[in-house]
Amino acid sequence: MTAVADRYRALVAARELRPDRDQERAVADLDALARKLADAPAKGSILWRMLGKAEPPPAGLYMYGGVGRGKSMLMDLAFQRIAYEPKRRVHFHEFMAEVHARLRAERAKEEGDPIPAIAKGIAEEAKLLCFDELVVNNSADAMILSRLFTHLLDAGVTVIATSNRPPRDLYLGGLNRELFLPFIKLLEEKLTLVRLDGPVDYRLERLGGMPTWHVPNGPEATAALREAFFRLTDYPPEDSAHVPTEELAIPGGRTLHVPKSLKGVAVFSFKRLCGEPRGAADYLAIARHFHTVIIVGIPRLGPENRNEAARFVTLIDALYEQKVKLLAAADAEPDALYPAGDGAFEFARTASRLMEMRSADYLAKGHGAE
Ligand SMILES: Nc1ncnc2c1ncn2[C@@H]1O[C@H](COP(=O)(O)OP(=O)(O)OP(=O)(O)O)[C@@H](O)[C@H]1O
Ligand SMILES: [Mg+2]
């Protein structure tokens, strides 16, 4: 069975993908994993426990490398093609937010170490867990990962992860990093590490030097942004009426409606993002969830728009800090967007960030990278 390779080769043959040696190697490893999963008895099942000596399910695979190399694309392909249930694909940041919520609930019960119970719950929900964009940048995550993953693997969970960094560079320079080292060891010893770092940043290539800030709003700008969206997501333009939407969870229990959301790319109107009462938590959730954000209908702002301007500043700060790629249609260049009004002086920093976000250097950075 070559579930992953067949599909990959078909996409290359159809010229949707260009041949890539690193990707072919990764596809072979993903196929090997798919075969092992197909052979394994239902993990954690009674049969599996009875056949005490049977091969445990494979721990999984960790793909790492520079941005736009096709890690998420290959993980999605594998996720679709590997017939193994129950399975789940989740953005790593959202998974960890969920883990902390479960930790709080378990701790409230005051029944000793909460990690085994949480791992058991997660393992019951998914035997194949795919994590996109694994990155560790806070000590709360760093301190629990080794134990959490040890329990998950013991429970027969198979993991596929993508990351911009090899395990040894995770949480580099982080507080109490020595307590994090067992997680690195676990990844290095148990998972198949696959480097995916060919010479081409395909995302950048798909943007093809196309401008990212379009002035003014209007049919030309709309057409250019549509084109960029379809190129970035491989979505057929003729089916544009059916682009998926998403309800993005905001910490604290609210959700945000995303009118177009596909493969880490979101489209919003300025009005929805900055014309309604929203705050840093919404913008941070967006910035962490999407690697590319397209904003349409940014108007020139006047003194009467001080609230919109303030929200826009918070939004751009969040996108900038998470290295999100921004494509936009606006009625003015960044430095003429908010010439007068409360906070117009401070807006200069936002304008400067917007300029930097158009640069090739910025566009080549990894999502969430330091
Ligand atoms: N071989 C290829 N030929 C053409 N396009 C490709 C190829 N591989 C990937 N792409 C496209 O390039 C874009 C970036 O790929 P992908 O999102 O998988 O990168 P990534 O490695 O996950 O990047 P990041 O580290 O930023 O998350 C996607 O639109 C994807 O479909
Ligand atoms: Mg990715």
# chains A, B, ... in the order shown; residues from 1 in each chain; ligands from 1
$ residues_around --residues "stretch 239-242 of chain A" --least-positions-apart "5" --cutoff "12 Å" --atoms "only C-alpha atoms" --output "ChimeraX atom specification"
/A:226-227,229-230,233-234,259-262
$ write_last_selection --atoms "N, CA and C atoms" --output "compact mmCIF listing (two decimals), in the first residue's frame"
# COMPACT_ATOMS: atom_id res chain seq x y z
N ARG A 226 -7.91 37.82 -4.66
CA ARG A 226 -8.55 36.53 -4.98
C ARG A 226 -7.54 35.58 -5.58
N GLU A 227 -6.82 36.08 -6.53
CA GLU A 227 -5.80 35.30 -7.22
C GLU A 227 -4.77 34.75 -6.21
N PHE A 229 -5.21 34.28 -3.01
CA PHE A 229 -5.86 33.27 -2.15
C PHE A 229 -5.91 31.92 -2.86
N PHE A 230 -6.30 31.93 -4.12
CA PHE A 230 -6.41 30.65 -4.83
C PHE A 230 -5.04 30.03 -5.05
N THR A 233 -3.83 28.48 -1.70
CA THR A 233 -4.61 27.37 -1.15
C THR A 233 -4.90 26.27 -2.15
N ASP A 234 -4.53 26.48 -3.42
CA ASP A 234 -4.84 25.50 -4.46
C ASP A 234 -6.34 25.29 -4.59
N PRO A 259 -14.86 34.36 7.53
CA PRO A 259 -15.68 34.13 6.33
C PRO A 259 -15.02 33.24 5.28
N LYS A 260 -13.69 33.26 5.22
CA LYS A 260 -12.98 32.35 4.31
C LYS A 260 -11.76 31.83 5.05
N SER A 261 -11.66 30.52 5.16
CA SER A 261 -10.55 29.94 5.92
C SER A 261 -10.14 28.63 5.28
N LEU A 262 -8.90 28.57 4.81
CA LEU A 262 -8.43 27.35 4.16
C LEU A 262 -6.91 27.27 4.27
$ select_by_dssp --residues "stretch 180-316 of chain A" --states "alpha helix (DSSP H)" --output "compact mmCIF listing (two decimals) with all heavy atoms, in the first residue's frame"
# COMPACT_ATOMS: atom_id res chain seq x y z
N LEU A 181 14.72 19.25 28.30
CA LEU A 181 15.56 18.36 27.47
C LEU A 181 15.00 16.94 27.32
O LEU A 181 15.15 16.33 26.25
CB LEU A 181 17.00 18.33 28.02
CG LEU A 181 17.70 19.69 28.00
CD1 LEU A 181 19.11 19.60 28.58
CD2 LEU A 181 17.76 20.26 26.58
N PRO A 182 14.33 16.37 28.33
CA PRO A 182 13.77 15.02 28.13
C PRO A 182 12.77 14.95 26.97
O PRO A 182 12.66 13.91 26.32
CB PRO A 182 13.06 14.72 29.46
CG PRO A 182 13.74 15.60 30.46
CD PRO A 182 14.18 16.83 29.72
N PHE A 183 12.08 16.06 26.70
CA PHE A 183 11.13 16.06 25.58
C PHE A 183 11.89 15.96 24.25
O PHE A 183 11.50 15.22 23.34
CB PHE A 183 10.26 17.32 25.61
CG PHE A 183 9.24 17.38 24.50
CD1 PHE A 183 8.26 16.42 24.38
CD2 PHE A 183 9.26 18.43 23.57
CE1 PHE A 183 7.31 16.46 23.36
CE2 PHE A 183 8.32 18.48 22.54
CZ PHE A 183 7.34 17.50 22.44
N ILE A 184 13.00 16.68 24.17
CA ILE A 184 13.83 16.62 22.95
C ILE A 184 14.33 15.19 22.75
O ILE A 184 14.27 14.64 21.66
CB ILE A 184 15.02 17.59 23.08
CG1 ILE A 184 14.49 19.03 23.15
CG2 ILE A 184 16.00 17.41 21.92
CD1 ILE A 184 15.56 20.08 23.30
N LYS A 185 14.79 14.60 23.86
CA LYS A 185 15.31 13.23 23.79
C LYS A 185 14.20 12.28 23.32
O LYS A 185 14.45 11.40 22.47
CB LYS A 185 15.82 12.84 25.19
CG LYS A 185 16.69 11.65 25.20
CD LYS A 185 17.55 11.59 26.46
CE LYS A 185 18.09 10.19 26.64
NZ LYS A 185 17.58 9.48 27.80
N LEU A 186 13.04 12.46 23.86
CA LEU A 186 11.92 11.59 23.48
C LEU A 186 11.62 11.71 21.98
O LEU A 186 11.47 10.71 21.28
CB LEU A 186 10.69 12.00 24.31
CG LEU A 186 9.38 11.28 24.02
CD1 LEU A 186 8.85 10.67 25.31
CD2 LEU A 186 8.34 12.21 23.46
N LEU A 187 11.57 12.95 21.47
CA LEU A 187 11.31 13.13 20.04
C LEU A 187 12.42 12.48 19.22
O LEU A 187 12.16 11.79 18.23
CB LEU A 187 11.22 14.62 19.70
CG LEU A 187 10.04 15.40 20.28
CD1 LEU A 187 10.17 16.89 19.93
CD2 LEU A 187 8.70 14.87 19.77
N GLU A 188 13.67 12.70 19.64
CA GLU A 188 14.79 12.20 18.85
C GLU A 188 14.86 10.68 18.88
O GLU A 188 15.22 10.04 17.89
CB GLU A 188 16.10 12.80 19.36
CG GLU A 188 16.24 14.27 18.99
CD GLU A 188 17.53 14.91 19.48
OE1 GLU A 188 18.13 14.37 20.44
OE2 GLU A 188 17.93 15.94 18.89
N GLU A 189 14.52 10.09 20.01
CA GLU A 189 14.67 8.64 20.12
C GLU A 189 13.47 7.86 19.60
O GLU A 189 13.61 6.77 19.07
CB GLU A 189 14.95 8.25 21.57
CG GLU A 189 16.36 8.64 21.98
CD GLU A 189 16.67 8.33 23.43
OE1 GLU A 189 15.77 7.84 24.15
OE2 GLU A 189 17.82 8.59 23.84
N LYS A 190 12.29 8.43 19.75
CA LYS A 190 11.09 7.64 19.42
C LYS A 190 10.52 7.95 18.04
O LYS A 190 9.95 7.08 17.40
CB LYS A 190 9.99 7.90 20.47
CG LYS A 190 10.39 7.56 21.89
CD LYS A 190 9.92 6.17 22.25
CE LYS A 190 10.62 5.59 23.43
NZ LYS A 190 9.93 5.51 24.64
N TYR A 202 8.00 27.44 -1.41
CA TYR A 202 6.91 27.42 -2.41
C TYR A 202 5.86 28.48 -2.14
O TYR A 202 5.18 28.93 -3.05
CB TYR A 202 6.26 26.03 -2.46
CG TYR A 202 7.17 24.95 -3.01
CD1 TYR A 202 7.73 24.00 -2.17
CD2 TYR A 202 7.48 24.90 -4.36
CE1 TYR A 202 8.56 23.01 -2.67
CE2 TYR A 202 8.32 23.93 -4.87
CZ TYR A 202 8.86 22.98 -4.02
OH TYR A 202 9.69 22.02 -4.51
N ARG A 203 5.70 28.84 -0.87
CA ARG A 203 4.68 29.85 -0.58
C ARG A 203 5.10 31.19 -1.19
O ARG A 203 4.32 31.87 -1.85
CB ARG A 203 4.44 29.98 0.93
CG ARG A 203 3.27 30.91 1.23
CD ARG A 203 2.93 31.00 2.71
NE ARG A 203 2.65 29.70 3.28
CZ ARG A 203 3.35 29.17 4.29
NH1 ARG A 203 4.33 29.85 4.82
NH2 ARG A 203 3.03 28.00 4.75
N LEU A 204 6.37 31.52 -0.95
CA LEU A 204 6.90 32.76 -1.50
C LEU A 204 6.83 32.72 -3.02
O LEU A 204 6.47 33.70 -3.68
CB LEU A 204 8.35 32.92 -1.03
CG LEU A 204 8.92 34.32 -1.03
CD1 LEU A 204 8.08 35.24 -0.17
CD2 LEU A 204 10.35 34.29 -0.47
N GLU A 205 7.16 31.55 -3.56
CA GLU A 205 7.14 31.39 -5.00
C GLU A 205 5.73 31.61 -5.55
O GLU A 205 5.52 32.21 -6.59
CB GLU A 205 7.61 29.99 -5.36
CG GLU A 205 7.85 29.79 -6.82
CD GLU A 205 8.18 28.36 -7.13
OE1 GLU A 205 7.27 27.50 -7.07
OE2 GLU A 205 9.35 28.08 -7.42
N ARG A 206 4.75 31.12 -4.80
CA ARG A 206 3.36 31.28 -5.26
C ARG A 206 2.94 32.75 -5.21
O ARG A 206 2.09 33.17 -5.99
CB ARG A 206 2.43 30.41 -4.42
CG ARG A 206 2.48 28.97 -4.88
CD ARG A 206 1.78 28.05 -3.93
NE ARG A 206 1.94 26.68 -4.40
CZ ARG A 206 0.94 25.85 -4.66
NH1 ARG A 206 -0.29 26.23 -4.49
NH2 ARG A 206 1.18 24.63 -5.09
N LEU A 207 3.50 33.49 -4.27
CA LEU A 207 3.19 34.93 -4.25
C LEU A 207 3.90 35.62 -5.40
O LEU A 207 3.49 36.70 -5.84
CB LEU A 207 3.60 35.55 -2.92
CG LEU A 207 2.67 35.22 -1.74
CD1 LEU A 207 3.25 35.73 -0.44
CD2 LEU A 207 1.28 35.77 -1.96
N PRO A 219 -12.09 46.88 -7.78
CA PRO A 219 -12.09 45.60 -8.48
C PRO A 219 -10.69 45.05 -8.76
O PRO A 219 -10.46 43.85 -8.67
CB PRO A 219 -12.82 45.89 -9.80
CG PRO A 219 -13.20 47.31 -9.78
CD PRO A 219 -12.85 47.92 -8.47
N GLU A 220 -9.74 45.95 -9.06
CA GLU A 220 -8.39 45.45 -9.36
C GLU A 220 -7.75 44.80 -8.14
O GLU A 220 -7.16 43.73 -8.23
CB GLU A 220 -7.50 46.60 -9.81
CG GLU A 220 -7.35 46.67 -11.31
CD GLU A 220 -6.53 47.88 -11.72
OE1 GLU A 220 -5.36 47.97 -11.28
OE2 GLU A 220 -7.08 48.74 -12.43
N ALA A 221 -7.87 45.50 -7.00
CA ALA A 221 -7.30 44.96 -5.76
C ALA A 221 -7.99 43.65 -5.39
O ALA A 221 -7.33 42.66 -5.02
CB ALA A 221 -7.46 45.97 -4.63
N THR A 222 -9.30 43.62 -5.52
CA THR A 222 -10.05 42.41 -5.19
C THR A 222 -9.59 41.24 -6.05
O THR A 222 -9.38 40.13 -5.56
CB THR A 222 -11.57 42.65 -5.40
OG1 THR A 222 -11.91 43.82 -4.65
CG2 THR A 222 -12.39 41.47 -4.91
N ALA A 223 -9.43 41.50 -7.34
CA ALA A 223 -9.02 40.44 -8.25
C ALA A 223 -7.63 39.91 -7.87
O ALA A 223 -7.39 38.70 -7.86
CB ALA A 223 -9.02 40.95 -9.69
N ALA A 224 -6.73 40.82 -7.52
CA ALA A 224 -5.36 40.40 -7.18
C ALA A 224 -5.36 39.56 -5.90
O ALA A 224 -4.65 38.56 -5.80
CB ALA A 224 -4.47 41.63 -7.00
N LEU A 225 -6.18 39.96 -4.92
CA LEU A 225 -6.20 39.21 -3.66
C LEU A 225 -6.88 37.86 -3.83
O LEU A 225 -6.48 36.87 -3.23
CB LEU A 225 -6.89 40.04 -2.56
CG LEU A 225 -6.11 41.28 -2.14
CD1 LEU A 225 -6.90 42.11 -1.14
CD2 LEU A 225 -4.74 40.90 -1.55
N ARG A 226 -7.91 37.82 -4.66
CA ARG A 226 -8.55 36.53 -4.98
C ARG A 226 -7.54 35.58 -5.58
O ARG A 226 -7.41 34.42 -5.18
CB ARG A 226 -9.66 36.75 -6.00
CG ARG A 226 -11.04 37.01 -5.43
CD ARG A 226 -11.97 37.39 -6.57
NE ARG A 226 -12.04 36.36 -7.59
CZ ARG A 226 -12.98 35.42 -7.64
NH1 ARG A 226 -13.91 35.38 -6.72
NH2 ARG A 226 -12.99 34.51 -8.59
N GLU A 227 -6.82 36.08 -6.53
CA GLU A 227 -5.80 35.30 -7.22
C GLU A 227 -4.77 34.75 -6.21
O GLU A 227 -4.42 33.58 -6.24
CB GLU A 227 -5.13 36.19 -8.28
CG GLU A 227 -3.77 35.74 -8.77
CD GLU A 227 -3.87 34.72 -9.88
OE1 GLU A 227 -4.97 34.59 -10.44
OE2 GLU A 227 -2.85 34.05 -10.16
N ALA A 228 -4.34 35.62 -5.31
CA ALA A 228 -3.36 35.20 -4.29
C ALA A 228 -3.96 34.11 -3.40
O ALA A 228 -3.31 33.11 -3.10
CB ALA A 228 -2.93 36.39 -3.44
N PHE A 229 -5.21 34.28 -3.01
CA PHE A 229 -5.86 33.27 -2.15
C PHE A 229 -5.91 31.92 -2.86
O PHE A 229 -5.57 30.88 -2.28
CB PHE A 229 -7.27 33.74 -1.77
CG PHE A 229 -8.00 32.74 -0.91
CD1 PHE A 229 -7.78 32.68 0.45
CD2 PHE A 229 -8.90 31.84 -1.48
CE1 PHE A 229 -8.43 31.75 1.25
CE2 PHE A 229 -9.56 30.90 -0.69
CZ PHE A 229 -9.33 30.86 0.67
N PHE A 230 -6.30 31.93 -4.12
CA PHE A 230 -6.41 30.65 -4.83
C PHE A 230 -5.04 30.03 -5.05
O PHE A 230 -4.88 28.82 -4.93
CB PHE A 230 -7.15 30.84 -6.17
CG PHE A 230 -8.58 31.22 -5.98
CD1 PHE A 230 -9.13 32.31 -6.63
CD2 PHE A 230 -9.39 30.48 -5.12
CE1 PHE A 230 -10.47 32.66 -6.43
CE2 PHE A 230 -10.72 30.82 -4.92
CZ PHE A 230 -11.26 31.92 -5.58
N ARG A 231 -4.05 30.85 -5.31
CA ARG A 231 -2.71 30.31 -5.50
C ARG A 231 -2.18 29.70 -4.21
O ARG A 231 -1.55 28.65 -4.20
CB ARG A 231 -1.75 31.43 -5.91
CG ARG A 231 -1.63 31.54 -7.39
CD ARG A 231 -0.31 32.20 -7.72
NE ARG A 231 -0.52 33.32 -8.60
CZ ARG A 231 0.37 34.28 -8.81
NH1 ARG A 231 1.51 34.26 -8.16
NH2 ARG A 231 0.11 35.25 -9.64
N LEU A 232 -2.43 30.39 -3.09
CA LEU A 232 -1.89 29.92 -1.81
C LEU A 232 -2.59 28.66 -1.32
O LEU A 232 -2.03 27.89 -0.56
CB LEU A 232 -2.01 31.02 -0.75
CG LEU A 232 -1.05 32.19 -0.91
CD1 LEU A 232 -1.42 33.32 0.04
CD2 LEU A 232 0.39 31.74 -0.65
N THR A 233 -3.83 28.48 -1.70
CA THR A 233 -4.61 27.37 -1.15
C THR A 233 -4.90 26.27 -2.15
O THR A 233 -5.48 25.25 -1.79
CB THR A 233 -5.97 27.88 -0.62
OG1 THR A 233 -6.65 28.52 -1.70
CG2 THR A 233 -5.79 28.87 0.52
N PHE A 270 -11.98 44.57 6.82
CA PHE A 270 -11.52 45.48 7.86
C PHE A 270 -12.65 45.74 8.86
O PHE A 270 -12.44 45.78 10.07
CB PHE A 270 -11.07 46.81 7.23
CG PHE A 270 -10.69 47.85 8.23
CD1 PHE A 270 -9.42 47.88 8.77
CD2 PHE A 270 -11.62 48.81 8.66
CE1 PHE A 270 -9.06 48.84 9.72
CE2 PHE A 270 -11.27 49.76 9.61
CZ PHE A 270 -9.99 49.77 10.13
N LYS A 271 -13.85 45.86 8.33
CA LYS A 271 -15.01 46.15 9.15
C LYS A 271 -15.21 45.08 10.22
O LYS A 271 -15.45 45.39 11.38
CB LYS A 271 -16.24 46.20 8.25
CG LYS A 271 -17.16 47.31 8.57
CD LYS A 271 -18.10 47.47 7.41
CE LYS A 271 -19.46 47.91 7.90
NZ LYS A 271 -20.42 47.83 6.81
N ARG A 272 -15.10 43.81 9.81
CA ARG A 272 -15.32 42.74 10.78
C ARG A 272 -14.21 42.73 11.84
O ARG A 272 -14.46 42.49 13.01
CB ARG A 272 -15.38 41.38 10.11
CG ARG A 272 -15.48 40.25 11.11
CD ARG A 272 -15.73 38.92 10.48
NE ARG A 272 -16.83 38.95 9.53
CZ ARG A 272 -18.08 38.59 9.82
NH1 ARG A 272 -18.38 38.22 11.04
NH2 ARG A 272 -18.99 38.60 8.89
N LEU A 273 -12.99 43.02 11.41
CA LEU A 273 -11.87 42.91 12.35
C LEU A 273 -11.75 44.12 13.26
O LEU A 273 -11.42 43.99 14.44
CB LEU A 273 -10.55 42.72 11.58
CG LEU A 273 -10.28 41.32 11.07
CD1 LEU A 273 -8.89 41.27 10.47
CD2 LEU A 273 -10.41 40.30 12.18
N CYS A 274 -11.96 45.30 12.70
CA CYS A 274 -11.67 46.52 13.47
C CYS A 274 -12.88 47.43 13.66
O CYS A 274 -12.81 48.41 14.40
CB CYS A 274 -10.54 47.31 12.80
SG CYS A 274 -9.04 46.34 12.62
N ALA A 280 -7.24 42.38 22.01
CA ALA A 280 -5.98 41.67 21.79
C ALA A 280 -6.17 40.15 21.73
O ALA A 280 -5.50 39.48 20.95
CB ALA A 280 -4.99 42.04 22.89
N ALA A 281 -7.09 39.61 22.54
CA ALA A 281 -7.26 38.15 22.57
C ALA A 281 -7.72 37.63 21.21
O ALA A 281 -7.25 36.60 20.72
CB ALA A 281 -8.25 37.74 23.65
N ASP A 282 -8.65 38.38 20.57
CA ASP A 282 -9.12 37.98 19.24
C ASP A 282 -7.95 38.01 18.24
O ASP A 282 -7.77 37.08 17.45
CB ASP A 282 -10.19 38.95 18.73
CG ASP A 282 -11.36 39.06 19.67
OD1 ASP A 282 -11.20 39.63 20.77
OD2 ASP A 282 -12.44 38.58 19.33
N TYR A 283 -7.20 39.10 18.30
CA TYR A 283 -6.14 39.28 17.31
C TYR A 283 -5.01 38.26 17.51
O TYR A 283 -4.43 37.77 16.55
CB TYR A 283 -5.60 40.72 17.36
CG TYR A 283 -6.70 41.73 17.09
CD1 TYR A 283 -6.76 42.93 17.79
CD2 TYR A 283 -7.69 41.47 16.15
CE1 TYR A 283 -7.76 43.86 17.55
CE2 TYR A 283 -8.71 42.39 15.90
CZ TYR A 283 -8.75 43.58 16.61
OH TYR A 283 -9.75 44.48 16.37
N LEU A 284 -4.74 37.95 18.77
CA LEU A 284 -3.69 36.96 19.03
C LEU A 284 -4.14 35.58 18.54
O LEU A 284 -3.34 34.83 17.95
CB LEU A 284 -3.38 36.93 20.53
CG LEU A 284 -2.11 36.18 20.89
CD1 LEU A 284 -0.91 36.76 20.17
CD2 LEU A 284 -1.87 36.19 22.40
N ALA A 285 -5.40 35.26 18.74
CA ALA A 285 -5.91 33.96 18.27
C ALA A 285 -5.78 33.87 16.75
O ALA A 285 -5.35 32.84 16.20
CB ALA A 285 -7.36 33.76 18.70
N ILE A 286 -6.11 34.95 16.06
CA ILE A 286 -5.98 34.98 14.60
C ILE A 286 -4.50 34.81 14.21
O ILE A 286 -4.15 34.00 13.36
CB ILE A 286 -6.51 36.31 14.04
CG1 ILE A 286 -8.02 36.40 14.24
CG2 ILE A 286 -6.14 36.47 12.56
CD1 ILE A 286 -8.60 37.78 13.94
N ALA A 287 -3.66 35.58 14.88
CA ALA A 287 -2.23 35.59 14.51
C ALA A 287 -1.58 34.24 14.76
O ALA A 287 -0.65 33.85 14.06
CB ALA A 287 -1.50 36.68 15.29
N ARG A 288 -2.07 33.52 15.75
CA ARG A 288 -1.47 32.21 16.02
C ARG A 288 -2.02 31.14 15.11
O ARG A 288 -1.36 30.17 14.79
CB ARG A 288 -1.73 31.83 17.47
CG ARG A 288 -0.83 32.60 18.41
CD ARG A 288 -1.09 32.21 19.82
NE ARG A 288 0.03 32.59 20.66
CZ ARG A 288 -0.07 32.79 21.95
NH1 ARG A 288 -1.23 32.63 22.56
NH2 ARG A 288 0.99 33.12 22.66
N HIS A 289 -3.26 31.30 14.70
CA HIS A 289 -3.93 30.25 13.94
C HIS A 289 -3.60 30.29 12.45
O HIS A 289 -3.51 29.25 11.81
CB HIS A 289 -5.44 30.38 14.14
CG HIS A 289 -6.22 29.24 13.58
ND1 HIS A 289 -6.29 28.01 14.21
CD2 HIS A 289 -6.95 29.10 12.44
CE1 HIS A 289 -7.05 27.20 13.49
NE2 HIS A 289 -7.46 27.82 12.42
N ARG A 306 -11.01 56.84 15.69
CA ARG A 306 -9.91 56.51 16.61
C ARG A 306 -10.02 55.09 17.17
O ARG A 306 -9.00 54.43 17.39
CB ARG A 306 -9.84 57.52 17.75
CG ARG A 306 -11.17 57.73 18.45
CD ARG A 306 -11.06 58.95 19.35
NE ARG A 306 -10.42 58.58 20.59
CZ ARG A 306 -11.10 58.30 21.70
NH1 ARG A 306 -12.42 58.37 21.72
NH2 ARG A 306 -10.46 57.96 22.79
N ASN A 307 -11.24 54.59 17.38
CA ASN A 307 -11.37 53.22 17.89
C ASN A 307 -10.89 52.19 16.87
O ASN A 307 -10.18 51.26 17.21
CB ASN A 307 -12.82 52.92 18.28
CG ASN A 307 -13.23 53.73 19.49
OD1 ASN A 307 -12.39 54.03 20.35
ND2 ASN A 307 -14.50 54.10 19.55
N GLU A 308 -11.32 52.40 15.62
CA GLU A 308 -10.88 51.49 14.56
C GLU A 308 -9.36 51.52 14.43
O GLU A 308 -8.71 50.48 14.28
CB GLU A 308 -11.49 51.88 13.21
CG GLU A 308 -12.94 51.50 13.04
CD GLU A 308 -13.89 52.60 13.52
OE1 GLU A 308 -13.46 53.45 14.33
OE2 GLU A 308 -15.05 52.62 13.07
N ALA A 309 -8.80 52.74 14.49
CA ALA A 309 -7.35 52.88 14.36
C ALA A 309 -6.63 52.16 15.50
O ALA A 309 -5.64 51.46 15.27
CB ALA A 309 -6.95 54.35 14.33
N ALA A 310 -7.16 52.32 16.71
CA ALA A 310 -6.50 51.67 17.86
C ALA A 310 -6.57 50.15 17.72
O ALA A 310 -5.60 49.44 18.00
CB ALA A 310 -7.17 52.11 19.16
N ARG A 311 -7.72 49.64 17.27
CA ARG A 311 -7.82 48.19 17.09
C ARG A 311 -6.88 47.71 15.99
O ARG A 311 -6.26 46.66 16.11
CB ARG A 311 -9.26 47.80 16.73
CG ARG A 311 -10.22 47.95 17.89
CD ARG A 311 -11.60 47.41 17.52
NE ARG A 311 -12.60 48.02 18.38
CZ ARG A 311 -13.57 48.82 17.96
NH1 ARG A 311 -13.70 49.09 16.67
NH2 ARG A 311 -14.40 49.35 18.81
N PHE A 312 -6.79 48.51 14.94
CA PHE A 312 -5.92 48.13 13.83
C PHE A 312 -4.46 48.04 14.30
O PHE A 312 -3.73 47.13 13.91
CB PHE A 312 -6.07 49.15 12.69
CG PHE A 312 -5.36 48.76 11.42
CD1 PHE A 312 -5.81 47.69 10.66
CD2 PHE A 312 -4.25 49.47 10.99
CE1 PHE A 312 -5.15 47.32 9.48
CE2 PHE A 312 -3.59 49.12 9.81
CZ PHE A 312 -4.05 48.04 9.06
N VAL A 313 -4.06 48.97 15.18
CA VAL A 313 -2.70 48.93 15.73
C VAL A 313 -2.49 47.62 16.50
O VAL A 313 -1.48 46.92 16.32
CB VAL A 313 -2.46 50.15 16.66
CG1 VAL A 313 -1.19 49.97 17.48
CG2 VAL A 313 -2.40 51.44 15.84
N THR A 314 -3.45 47.26 17.33
CA THR A 314 -3.33 46.02 18.11
C THR A 314 -3.27 44.80 17.19
O THR A 314 -2.50 43.87 17.40
CB THR A 314 -4.52 45.88 19.08
OG1 THR A 314 -4.69 47.12 19.76
CG2 THR A 314 -4.29 44.78 20.09
N LEU A 315 -4.12 44.83 16.17
CA LEU A 315 -4.15 43.73 15.20
C LEU A 315 -2.79 43.57 14.51
O LEU A 315 -2.23 42.47 14.44
CB LEU A 315 -5.25 43.99 14.16
CG LEU A 315 -5.24 43.10 12.92
CD1 LEU A 315 -5.59 41.65 13.30
CD2 LEU A 315 -6.24 43.61 11.88
N ILE A 316 -2.25 44.68 14.00
CA ILE A 316 -1.00 44.60 13.26
C ILE A 316 0.14 44.18 14.19
O ILE A 316 1.02 43.39 13.81
CB ILE A 316 -0.68 45.94 12.55
CG1 ILE A 316 -1.77 46.26 11.52
CG2 ILE A 316 0.69 45.90 11.88
CD1 ILE A 316 -2.04 45.16 10.49
$ closest_atom_pairs --of "chain A" --to "ligand 2" --cutoff "10 Å" --atoms "only C-alpha atoms and all ligand atoms" --output "CSV"
residue,atom,partner,partner_atom_place_in_ligand_line,distance
A:Tyr64,CA,ligand 2,1 (Mg),9.6
A:Gly65,CA,ligand 2,1 (Mg),9.7
A:Gly66,CA,ligand 2,1 (Mg),9.3
A:Val67,CA,ligand 2,1 (Mg),7.0
A:Gly68,CA,ligand 2,1 (Mg),6.8
A:Arg69,CA,ligand 2,1 (Mg),8.1
A:Gly70,CA,ligand 2,1 (Mg),6.9
A:Lys71,CA,ligand 2,1 (Mg),5.5
A:Ser72,CA,ligand 2,1 (Mg),4.1
A:Met73,CA,ligand 2,1 (Mg),7.2
A:Leu74,CA,ligand 2,1 (Mg),9.3
A:Met75,CA,ligand 2,1 (Mg),8.8
A:Asp76,CA,ligand 2,1 (Mg),9.8
A:His91,CA,ligand 2,1 (Mg),9.7
A:Asp132,CA,ligand 2,1 (Mg),6.4
A:Glu133,CA,ligand 2,1 (Mg),6.0
A:Leu134,CA,ligand 2,1 (Mg),9.5
A:Thr162,CA,ligand 2,1 (Mg),6.9
A:Ser163,CA,ligand 2,1 (Mg),7.5
A:Asn164,CA,ligand 2,1 (Mg),8.3
A:Arg203,CA,ligand 2,1 (Mg),9.9
A:Lys263,CA,ligand 2,1 (Mg),8.6
A:Gly264,CA,ligand 2,1 (Mg),7.9
A:Phe290,CA,ligand 2,1 (Mg),9.7
A:His291,CA,ligand 2,1 (Mg),7.8
A:Gly366,CA,ligand 2,1 (Mg),8.7
A:His367,CA,ligand 2,1 (Mg),8.0
$ closest_residue --among "A:Glu55, A:Glu356, A:Glu98, A:Asp197" --to "ligand 1" --atoms "only C-alpha atoms and all ligand atoms"
A:Asp197
$ atom_distance --atom1 "atom 4 (C, counted along the ligand's line) of ligand 1" --atom2 "atom CA of A:Leu196"
13.7 Å
$ closest_residue --among "A:Ile144, A:Ala97, A:Leu354, A:Val200" --to "A:Ala249" --atoms "only C-alpha atoms"
A:Ala97
$ atom_distance --atom1 "atom CA of A:Ala328" --atom2 "atom CA of A:Ile295"
4.7 Å
$ select_by_dssp --residues "stretch 87-279 of chain A" --states "strand (DSSP E or B)" --output "PyMOL selection string"
chain A and resi 87-91+128-132+158-163+192-195+213-214+246-250+254-258+260-262+265-269
$ residues_around --residues "A:Ala351" --least-positions-apart "6" --cutoff "9 Å" --atoms "only C-alpha atoms" --output "mmCIF file with C-alpha atoms, in the first residue's frame"
data_model
loop_
_atom_site.group_PDB
_atom_site.id
_atom_site.type_symbol
_atom_site.label_atom_id
_atom_site.label_comp_id
_atom_site.auth_asym_id
_atom_site.auth_seq_id
_atom_site.Cartn_x
_atom_site.Cartn_y
_atom_site.Cartn_z
ATOM 1 C CA GLU A 333 -0.349 53.559 1.643
ATOM 2 C CA PRO A 334 0.449 52.683 5.277
ATOM 3 C CA ASP A 335 1.976 56.080 6.111
ATOM 4 C CA ALA A 336 -1.139 57.902 4.869
ATOM 5 C CA LEU A 337 -3.692 55.608 6.463
#
